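S.K.: Just one file: work.txt, with compact mmCIF, C-alpha atoms.
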```txt
# COMPACT_ATOMS: atom_id res chain seq x y z
CA MET A 6 144.52 -41.74 138.75
CA LYS A 7 141.65 -39.30 138.17
CA ARG A 8 143.78 -36.45 139.57
CA ILE A 9 146.66 -37.31 137.19
CA THR A 10 144.28 -37.30 134.22
CA THR A 11 142.95 -33.89 135.25
CA LEU A 12 146.49 -32.49 135.47
CA VAL A 13 147.35 -33.84 132.01
CA VAL A 14 144.22 -32.26 130.47
CA ALA A 15 145.00 -28.95 132.18
CA ALA A 16 148.54 -29.01 130.82
CA LEU A 17 147.33 -29.78 127.33
CA PHE A 18 144.81 -26.96 127.55
CA ALA A 19 147.47 -24.50 128.72
CA SER A 20 149.71 -25.62 125.87
CA LEU A 21 146.88 -25.08 123.41
CA LEU A 22 146.27 -21.57 124.75
CA ALA A 23 149.94 -20.75 124.45
CA GLY A 24 149.91 -21.98 120.86
CA LEU A 25 146.88 -19.85 120.10
CA GLY A 26 148.65 -16.89 121.65
CA VAL A 27 151.58 -17.41 119.28
CA PHE A 28 149.17 -17.74 116.35
CA PHE A 29 147.34 -14.51 117.22
CA ALA A 30 150.64 -12.69 117.67
CA LEU A 31 151.89 -13.84 114.28
CA SER A 32 148.63 -13.01 112.56
CA GLY A 33 148.57 -9.49 113.96
CA ARG A 34 145.64 -10.01 116.31
CA GLY A 35 145.61 -8.49 119.77
CA GLY A 36 146.21 -4.91 118.52
CA GLU A 37 149.09 -5.54 116.10
CA SER A 38 148.99 -4.78 112.36
CA PRO A 39 148.18 -7.71 110.05
CA PRO A 40 151.00 -8.91 107.80
CA LEU A 41 151.15 -7.74 104.21
CA ALA A 42 149.73 -9.97 101.53
CA ASP A 43 152.16 -12.27 99.76
CA ASN A 44 152.23 -10.22 96.56
CA VAL A 45 153.10 -6.92 98.34
CA PRO A 46 156.87 -6.31 98.08
CA LYS A 47 158.65 -7.13 101.32
CA VAL A 48 160.32 -3.73 101.55
CA PHE A 49 156.97 -2.28 102.62
CA GLN A 50 156.86 -4.47 105.73
CA GLU A 51 159.08 -1.88 107.38
CA ARG A 52 158.95 1.92 107.55
CA VAL A 53 159.77 3.41 104.14
CA ARG A 54 161.17 6.95 104.13
CA VAL A 55 160.94 9.14 101.04
CA VAL A 56 161.71 12.81 100.39
CA LEU A 57 160.08 15.31 98.02
CA ILE A 58 162.42 18.19 97.12
CA THR A 59 160.65 21.07 95.41
CA GLU A 60 161.98 24.33 94.01
CA PHE A 61 158.86 26.17 95.19
CA SER A 62 155.51 25.54 96.82
CA VAL A 63 153.73 28.85 96.17
CA GLY A 64 150.77 29.01 93.81
CA SER A 65 147.69 26.86 93.42
CA HIS A 66 149.30 24.44 90.96
CA ALA A 67 152.23 23.70 93.30
CA SER A 68 150.00 23.32 96.36
CA GLN A 69 147.71 20.85 94.55
CA TYR A 70 150.71 18.88 93.33
CA LEU A 71 152.10 18.63 96.88
CA GLU A 72 148.71 17.62 98.25
CA GLY A 73 148.50 14.82 95.69
CA ALA A 74 151.92 13.43 96.61
CA GLN A 75 151.29 13.73 100.34
CA SER A 76 147.87 12.06 100.22
CA GLU A 77 149.20 9.15 98.15
CA ALA A 78 152.15 8.68 100.50
CA ALA A 79 149.78 8.57 103.46
CA ALA A 80 147.54 6.07 101.68
CA LEU A 81 150.52 3.79 101.02
CA GLY A 82 151.89 4.16 104.54
CA LEU A 83 155.10 5.88 103.43
CA SER A 84 156.86 8.50 105.53
CA LEU A 85 157.16 11.55 103.26
CA GLU A 86 159.22 14.63 104.08
CA VAL A 87 158.78 17.74 101.92
CA MET A 88 161.80 20.02 101.45
CA ASP A 89 160.95 23.43 99.94
CA ALA A 90 163.85 25.42 98.48
CA ARG A 91 161.68 28.56 98.10
CA THR A 92 163.03 29.26 94.59
CA ASP A 93 166.68 28.94 95.74
CA ARG A 94 168.13 26.48 93.22
CA LYS A 95 171.51 26.15 94.94
CA LYS A 96 169.75 25.36 98.20
CA MET A 97 167.68 22.76 96.37
CA ALA A 98 170.85 21.03 95.16
CA GLU A 99 172.14 20.95 98.76
CA MET A 100 168.85 19.46 99.92
CA LEU A 101 169.22 16.66 97.38
CA GLU A 102 172.74 15.81 98.54
CA ASN A 103 171.61 15.82 102.18
CA ALA A 104 168.70 13.53 101.33
CA VAL A 105 171.13 11.06 99.75
CA LEU A 106 173.34 11.17 102.85
CA SER A 107 170.33 10.46 105.08
CA GLN A 108 169.82 7.16 103.21
CA VAL A 109 166.17 7.55 102.37
CA HIS A 110 164.46 4.83 100.32
CA GLY A 111 163.52 7.15 97.45
CA ILE A 112 163.53 10.76 96.24
CA LEU A 113 160.98 12.87 94.37
CA ILE A 114 162.07 16.07 92.65
CA SER A 115 159.88 18.92 91.40
CA HIS A 116 161.45 21.48 89.03
CA GLY A 117 164.93 22.83 89.75
CA ASP A 118 168.10 23.28 87.70
CA PRO A 119 169.07 19.94 86.09
CA GLN A 120 172.78 20.76 86.06
CA LEU A 121 172.86 21.83 89.70
CA LEU A 122 170.95 18.69 90.69
CA LEU A 123 173.07 16.35 88.57
CA LYS A 124 175.77 15.71 91.20
CA GLY A 125 173.25 14.78 93.90
CA ALA A 126 171.21 12.66 91.52
CA GLN A 127 174.34 10.79 90.44
CA ARG A 128 175.16 10.02 94.07
CA ALA A 129 171.63 8.76 94.61
CA VAL A 130 171.96 6.45 91.61
CA GLU A 131 175.29 5.14 92.91
CA LYS A 132 173.64 4.32 96.25
CA ASN A 133 170.68 2.63 94.48
CA ILE A 134 168.25 5.28 95.70
CA PRO A 135 165.53 5.71 93.04
CA VAL A 136 164.79 9.24 91.84
CA ILE A 137 161.65 10.42 90.00
CA ALA A 138 161.80 13.97 88.61
CA PHE A 139 158.80 16.14 87.69
CA ASP A 140 159.45 18.90 85.15
CA CYS A 141 163.20 18.58 85.56
CA GLU A 142 165.34 17.05 82.82
CA ILE A 143 168.24 15.69 84.87
CA PRO A 144 170.54 14.13 82.24
CA LEU A 145 170.69 10.63 83.74
CA GLU A 146 168.88 7.62 82.27
CA ALA A 147 168.49 6.16 85.76
CA VAL A 148 166.37 9.16 86.82
CA ASN A 149 162.78 8.61 85.69
CA LYS A 150 160.88 11.63 84.39
CA ILE A 151 157.24 12.65 84.66
CA ASP A 152 155.58 15.60 82.90
CA GLN A 153 152.28 16.97 81.61
CA ASN A 154 153.10 16.57 77.90
CA ASP A 155 154.09 20.21 77.52
CA HIS A 156 154.41 20.10 73.74
CA LYS A 157 150.77 19.06 73.54
CA ILE A 158 149.78 21.67 76.12
CA ALA A 159 151.24 24.40 73.94
CA GLU A 160 149.73 22.98 70.77
CA LEU A 161 146.23 22.82 72.26
CA GLY A 162 146.40 26.37 73.59
CA LEU A 163 147.87 27.93 70.47
CA THR A 164 145.44 26.08 68.20
CA ARG A 165 142.55 27.53 70.20
CA ILE A 166 144.03 31.03 69.84
CA LEU A 167 144.37 30.48 66.08
CA GLN A 168 140.73 29.39 65.82
CA ASP A 169 139.35 32.22 67.94
CA THR A 170 141.27 34.92 66.04
CA GLN A 171 140.93 33.47 62.54
CA GLY A 172 144.72 33.43 62.47
CA GLN A 173 145.15 37.22 62.76
CA ALA A 174 146.19 38.65 66.14
CA ASN A 175 148.73 40.75 68.02
CA LEU A 176 149.93 38.61 70.91
CA VAL A 177 151.65 39.18 74.27
CA HIS A 178 153.62 36.14 75.38
CA ILE A 179 154.27 35.67 79.11
CA TRP A 180 157.04 33.12 79.50
CA VAL A 181 160.29 32.55 81.38
CA PRO A 182 163.34 30.47 80.36
CA GLY A 183 165.21 27.95 82.47
CA TYR A 184 162.39 25.52 83.29
CA ALA A 185 161.86 22.24 81.45
CA PRO A 186 158.12 22.73 80.77
CA MET A 187 158.70 26.30 79.62
CA GLU A 188 161.45 25.29 77.22
CA LYS A 189 159.26 22.57 75.70
CA ARG A 190 156.36 24.97 75.32
CA MET A 191 158.68 27.46 73.64
CA GLU A 192 159.80 24.82 71.12
CA THR A 193 156.18 24.28 70.07
CA TYR A 194 155.45 28.02 70.15
CA THR A 195 158.37 28.84 67.86
CA GLN A 196 157.30 26.24 65.30
CA PHE A 197 153.63 27.24 65.53
CA MET A 198 154.31 30.96 65.05
CA ALA A 199 156.51 30.26 62.03
CA LYS A 200 153.65 28.35 60.41
CA ASN A 201 151.09 31.02 61.27
CA PRO A 202 152.57 34.47 60.43
CA GLY A 203 149.23 36.13 61.06
CA LEU A 204 149.91 35.71 64.78
CA ARG A 205 152.37 38.47 65.70
CA GLU A 206 154.20 38.67 69.04
CA VAL A 207 154.32 42.30 70.21
CA GLU A 208 155.74 41.75 73.74
CA ARG A 209 157.35 38.95 75.72
CA PHE A 210 158.13 38.99 79.44
CA GLY A 211 158.00 36.83 82.55
CA LYS A 212 159.70 36.32 85.89
CA VAL A 213 159.37 33.74 88.67
CA THR A 214 159.39 35.21 92.18
CA ASN A 215 157.90 34.40 95.56
CA ASN A 216 154.86 36.40 94.39
CA THR A 217 154.76 35.74 90.67
CA ALA A 218 151.13 36.77 90.19
CA LEU A 219 151.72 40.24 91.65
CA GLN A 220 154.96 40.68 89.72
CA THR A 221 153.16 39.75 86.51
CA GLU A 222 150.29 42.14 87.22
CA VAL A 223 152.75 45.03 87.54
CA ALA A 224 154.64 44.04 84.36
CA MET A 225 151.40 43.53 82.38
CA SER A 226 150.15 46.96 83.47
CA GLU A 227 153.33 48.49 82.05
CA VAL A 228 152.79 46.62 78.77
CA LEU A 229 149.23 47.95 78.53
CA GLU A 230 150.50 51.49 79.03
CA ARG A 231 152.88 51.06 76.09
CA HIS A 232 150.22 49.63 73.77
CA SER A 233 147.04 51.56 73.11
CA LYS A 234 143.59 50.02 72.94
CA GLY A 235 143.18 47.81 69.87
CA SER A 236 146.89 47.05 69.50
CA ILE A 237 146.80 43.85 71.60
CA ASP A 238 144.31 41.10 70.88
CA VAL A 239 145.56 38.12 72.87
CA VAL A 240 147.71 37.27 75.87
CA TRP A 241 149.18 33.77 76.11
CA ALA A 242 150.30 33.08 79.69
CA THR A 243 152.33 29.88 80.01
CA TRP A 244 151.68 29.39 83.75
CA ASP A 245 148.58 30.06 85.80
CA GLU A 246 150.45 32.40 88.15
CA PHE A 247 151.25 34.47 85.06
CA ALA A 248 147.63 34.24 83.94
CA LYS A 249 146.21 35.38 87.28
CA GLY A 250 148.45 38.45 87.37
CA ALA A 251 147.80 39.35 83.74
CA ALA A 252 144.04 38.91 84.13
CA GLN A 253 144.00 41.33 87.05
CA ALA A 254 145.99 43.94 85.11
CA ILE A 255 143.77 43.68 82.03
CA ARG A 256 140.64 43.98 84.12
CA ARG A 257 141.90 46.96 86.12
CA ALA A 258 142.86 48.75 82.89
CA GLY A 259 139.40 48.18 81.40
CA ARG A 260 140.88 46.47 78.35
CA SER A 261 137.96 44.14 77.69
CA GLU A 262 139.00 43.69 74.06
CA ILE A 263 141.96 41.51 75.17
CA LYS A 264 141.41 37.77 75.60
CA LEU A 265 143.65 35.71 77.86
CA TYR A 266 144.65 32.08 77.29
CA GLY A 267 146.50 30.22 80.02
CA ILE A 268 148.13 26.99 81.13
CA ASP A 269 147.38 24.94 84.27
CA LEU A 270 144.22 24.26 86.23
CA SER A 271 143.00 24.92 89.76
CA ASP A 272 139.75 25.84 91.53
CA GLU A 273 140.84 29.48 91.48
CA ASP A 274 141.63 29.31 87.75
CA LEU A 275 138.25 27.78 86.97
CA GLU A 276 136.47 30.51 88.93
CA LEU A 277 138.20 33.17 86.83
CA ILE A 278 137.42 31.38 83.56
CA GLN A 279 133.73 31.08 84.53
CA ASP A 280 133.50 34.78 85.36
CA PRO A 281 132.08 36.50 82.24
CA ALA A 282 133.85 39.73 83.21
CA SER A 283 137.26 38.02 83.26
CA PRO A 284 139.55 38.19 80.21
CA TRP A 285 140.65 34.58 80.86
CA VAL A 286 138.63 32.51 78.39
CA ALA A 287 140.50 29.19 78.12
CA THR A 288 143.31 27.16 79.66
CA VAL A 289 145.10 23.86 79.10
CA GLY A 290 146.46 21.42 81.64
CA ALA A 291 146.26 18.22 83.61
CA SER A 292 145.38 17.64 87.25
CA PRO A 293 148.40 18.71 89.36
CA ALA A 294 147.21 16.47 92.20
CA ALA A 295 147.22 13.53 89.77
CA VAL A 296 150.83 14.37 88.87
CA GLY A 297 151.81 14.13 92.53
CA ARG A 298 149.94 10.87 93.07
CA VAL A 299 151.37 9.15 89.99
CA GLN A 300 154.88 10.35 90.74
CA LEU A 301 154.60 8.88 94.23
CA ARG A 302 153.38 5.53 92.88
CA LEU A 303 156.20 5.47 90.32
CA LEU A 304 158.62 5.88 93.20
CA ALA A 305 156.93 3.05 95.12
CA TYR A 306 157.40 0.78 92.11
CA ARG A 307 161.07 1.72 91.89
CA ILE A 308 161.57 1.10 95.62
CA ALA A 309 159.99 -2.32 95.14
CA GLY A 310 162.45 -3.07 92.33
CA LEU A 311 159.72 -3.09 89.69
CA PRO A 312 160.22 -1.62 86.20
CA VAL A 313 158.69 1.72 85.21
CA PRO A 314 159.05 3.72 81.97
CA ALA A 315 161.90 6.19 81.58
CA ARG A 316 159.27 8.90 81.01
CA TYR A 317 155.58 9.14 81.85
CA SER A 318 153.38 11.94 80.50
CA LEU A 319 149.89 12.82 81.68
CA GLU A 320 147.37 13.83 79.04
CA PRO A 321 146.34 17.51 79.16
CA VAL A 322 142.93 18.86 78.20
CA LEU A 323 141.59 22.18 76.93
CA VAL A 324 139.07 23.89 79.19
CA ALA A 325 137.15 26.81 77.67
CA ARG A 326 134.46 29.02 79.17
CA GLU A 327 131.72 27.73 76.88
CA MET A 328 132.31 24.16 78.13
CA LEU A 329 131.33 25.15 81.67
CA PRO A 330 127.86 25.89 83.09
CA ARG A 331 126.84 29.50 83.69
CA ASP A 332 124.70 28.79 86.74
CA LYS A 333 126.94 26.43 88.71
CA LYS A 334 130.43 26.83 90.15
CA VAL A 335 132.83 24.20 88.79
CA SER A 336 135.72 22.80 90.83
CA MET A 337 138.57 20.45 90.04
CA ALA A 338 136.50 17.69 91.65
CA SER A 339 133.56 18.23 89.29
CA LEU A 340 135.41 19.29 86.13
CA SER A 341 135.31 15.81 84.57
CA GLN A 342 131.51 16.16 84.27
CA TYR A 343 132.00 18.91 81.70
CA VAL A 344 135.39 18.19 80.11
CA PRO A 345 135.89 14.69 78.69
CA GLY A 346 139.30 13.22 79.41
CA PHE A 347 139.99 15.20 82.56
CA GLY A 348 140.58 13.27 85.76
CA ASP A 349 142.95 11.18 87.81
CA ALA A 350 145.56 8.96 86.19
CA LYS A 351 144.94 5.27 86.87
CA ASP A 352 148.33 3.89 85.85
CA PHE A 353 150.71 2.08 88.21
CA ASN A 354 147.85 0.83 90.33
CA ASP A 355 148.48 -2.92 90.41
CA PRO A 356 146.67 -5.08 93.02
CA TRP A 357 149.58 -4.87 95.46
CA ILE A 358 149.18 -1.09 95.57
CA GLN A 359 145.52 -1.50 96.46
CA GLU A 360 146.34 -4.12 99.09
CA LEU A 361 148.93 -1.82 100.63
CA LYS A 362 146.37 0.99 100.80
CA GLU A 363 143.81 -1.37 102.32
CA ARG A 364 146.29 -2.38 105.03
CA ASN A 365 146.94 1.26 105.91
CA ARG A 366 143.21 1.97 106.20
CA LYS A 367 142.95 -0.54 109.05
```
For the file at hand, write its structure as structure tokens.
M.R.:
Amino acid sequence: MKRITTLVVAALFASLLAGLGVFFALSGRGGESPPLADNVPKVFQERVRVVLITEFSVGSHASQYLEGAQSEAAALGLSLEVMDARTDRKKMAEMLENAVLSQVHGILISHGDPQLLLKGAQRAVEKNIPVIAFDCEIPLEAVNKIDQNDHKIAELGLTRILQDTQGQANLVHIWVPGYAPMEKRMETYTQFMAKNPGLREVERFGKVTNNTALQTEVAMSEVLERHSKGSIDVVWATWDEFAKGAAQAIRRAGRSEIKLYGIDLSDEDLELIQDPASPWVATVGASPAAVGRVQLRLLAYRIAGLPVPARYSLEPVLVAREMLPRDKKVSMASLSQYVPGFGDAKDFNDPWIQELKERNRK
């Protein structure tokens, strides 16, 4: 009788251990990942594949943007593939169509020709693949847009030029057509110049290449040769690659009377603005890394089936030399200490996003 009782207890104990083994397996113990919290969308319980298709990756602004998107994808546990068209817009359109065929969960787009991308975007919409486009006005309501509020960027920069010149200046405008942010900035520029006839455009040029800064330096040097000292007061460069090239040309020519105003922000840009020998005295922009992070989160919301606005705009800020310390190097990481309003965007950061990030930290 005693032996039978012992056997029964042993069997019960073995059964209990087996049950505990099942429990630990289900709860992710024993080396497995814990399950997602109840309020995290179920789609993220499996591997989520997304693609970022960009027209170009050269330049500090583009590299910061890509870093922001990549870091946010890693934090959320998403598999992100970056496809770089290297300024080939037809190739970019082919990349989009291939991404749709590969049945990814979502697509990010940076720049590009809206008309060339329309066919691929339409196919993505038909297959219920969400698309979020940065600085690309694809004419589909189902494609969400994100930008840096380019009308405000232009207004802030031009207003600063107006103030610094008392409304009287000969201006060189470095700009290129065919890009959504450039077209928006031109709309504001055209209206602003009409209202302020004391600002006179004497030259306009601009070209996007695989080495835009160098191309701009050469072109700006030719402009300076055509215009004698005192005939140009201001250069307005509508992209920081333009600004870097123009600044180098102005400095090499010894034309210290010319002041440069730019668009976009990076560590390299800030270093030039802080340099008292540089013609670059002010710039306007938002954090490109923040653009990438927010765009990625918008896509995560769309993948989860959650609503997001048709358009989201980050708020740009003006950064001028006098705002920055003379005895300390300022970086993008420390800029918010000196420029109110600059920093990361906090939107689309609901608790489930934080819980998903917490899970991927384990």
S.K.: Any idea what the distance is between CA of Glu99 in chain A and CA of Ala147 in chain A?
M.R.: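 Computing it gives 20.0 Å between the two atoms.
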S.K.: Identify, on the basis of only C-alpha atoms, every residue whose closest approach to His178 in chain A does not exceed 8 Å; exclude the query and any residue fewer than 2 positions from it along the same chain; express the result as a list in words.
M.R.: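 Near neighbours after the sequence-gap exclusion: Leu176, Trp180, Glu206, Glu208, Arg209, Phe210, Val240, Trp241, Ala242 and Thr243 of chain A.
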S.K.: Which neighbours of range 334-343 of chain A fall inside 12 Å, counting only C-alpha atoms, when residues of the same chain fewer than 2 positions from it are skipped, and could you give them as a ChimeraX atom specification?
M.R.: /A:65-66,69,269-280,290-295,322-332,345-349
S.K.: Which neighbours of Ile134 in chain A fall inside 8 Å, counting all atoms listed in the file, when residues of the same chain fewer than 6 positions from it are skipped, and could you give them as a compact mmCIF listing (two decimals) with C-alpha atoms, in the frame of the given file?
M.R.:
```txt
# COMPACT_ATOMS: atom_id res chain seq x y z
CA VAL A 105 171.13 11.06 99.75
CA GLN A 108 169.82 7.16 103.21
CA VAL A 109 166.17 7.55 102.37
CA HIS A 110 164.46 4.83 100.32
CA GLY A 111 163.52 7.15 97.45
CA ILE A 112 163.53 10.76 96.24
CA ILE A 308 161.57 1.10 95.62
```
S.K.: Could you check the closest approach to Ile358 in chain A for each of A:Leu265, A:Leu122, A:Leu81, A:Arg54 and tell me which residue wins, using all atoms listed in the file?
M.R.: A:Leu81
S.K.: CA of Gln50 in chain A to CA of Asp352 in chain A: how many Å, to one decimal?
M.R.: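 Answer for the CA of Gln50 in chain A to CA of Asp352 in chain A separation: 23.2 Å.
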S.K.: Name the residues in contact with Arg52 in chain A at a cut-off of 10 Å, using all atoms listed in the file, excluding same-chain residues fewer than 6 positions from it; report them as a VMD selection string.
M.R.: chain A and resid 82 to 84 110
S.K.: Residues of the last selection are to be written out with C-alpha atoms, as a PDB file, in the coordinates of the input.
M.R.:
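Printed below is again.pdb as written:
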```
ATOM      1  CA  GLY A  82     151.890   4.160 104.540  1.00  0.00           C
ATOM      2  CA  LEU A  83     155.100   5.880 103.430  1.00  0.00           C
ATOM      3  CA  SER A  84     156.860   8.500 105.530  1.00  0.00           C
ATOM      4  CA  HIS A 110     164.460   4.830 100.320  1.00  0.00           C
TER       5      HIS A 110
END
```
S.K.: For range 246-255 of chain A, please output as a list of chain:residue names all residues within 7 Å (counting all atoms listed in the file; exclusion window: fewer than 4 positions along the same chain).
M.R.: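 Residues meeting the cut-off are A:Gly64, A:Ile179, A:Thr217, A:Ala218, A:Leu219, A:Thr221, A:Glu222, A:Met225, A:Ser226, A:Ala242, A:Gly259, A:Arg260, A:Gly267, A:Ser283, A:Pro284, A:Trp285.
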S.K.: I need the residue nearest Met187 in chain A from this list: A:Asn149, A:Arg257, A:His116, A:Asn175. Use all atoms listed in the file for the distance.
M.R.: A:His116
S.K.: Between CA of Asp118 in chain A and CA of Thr214 in chain A, what is the distance, to one decimal in Å?
M.R.: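 Distance between the two atoms: 15.4 Å.
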S.K.: Find the residue from A:Ala104, A:Ala282, A:Ala126, A:Ile137 that sits nearest to Leu301 in chain A; use only C-alpha atoms when measuring.
M.R.: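 Comparing A:Ala104, A:Ala282, A:Ala126, A:Ile137 against Leu301 in chain A, the winner is A:Ile137.
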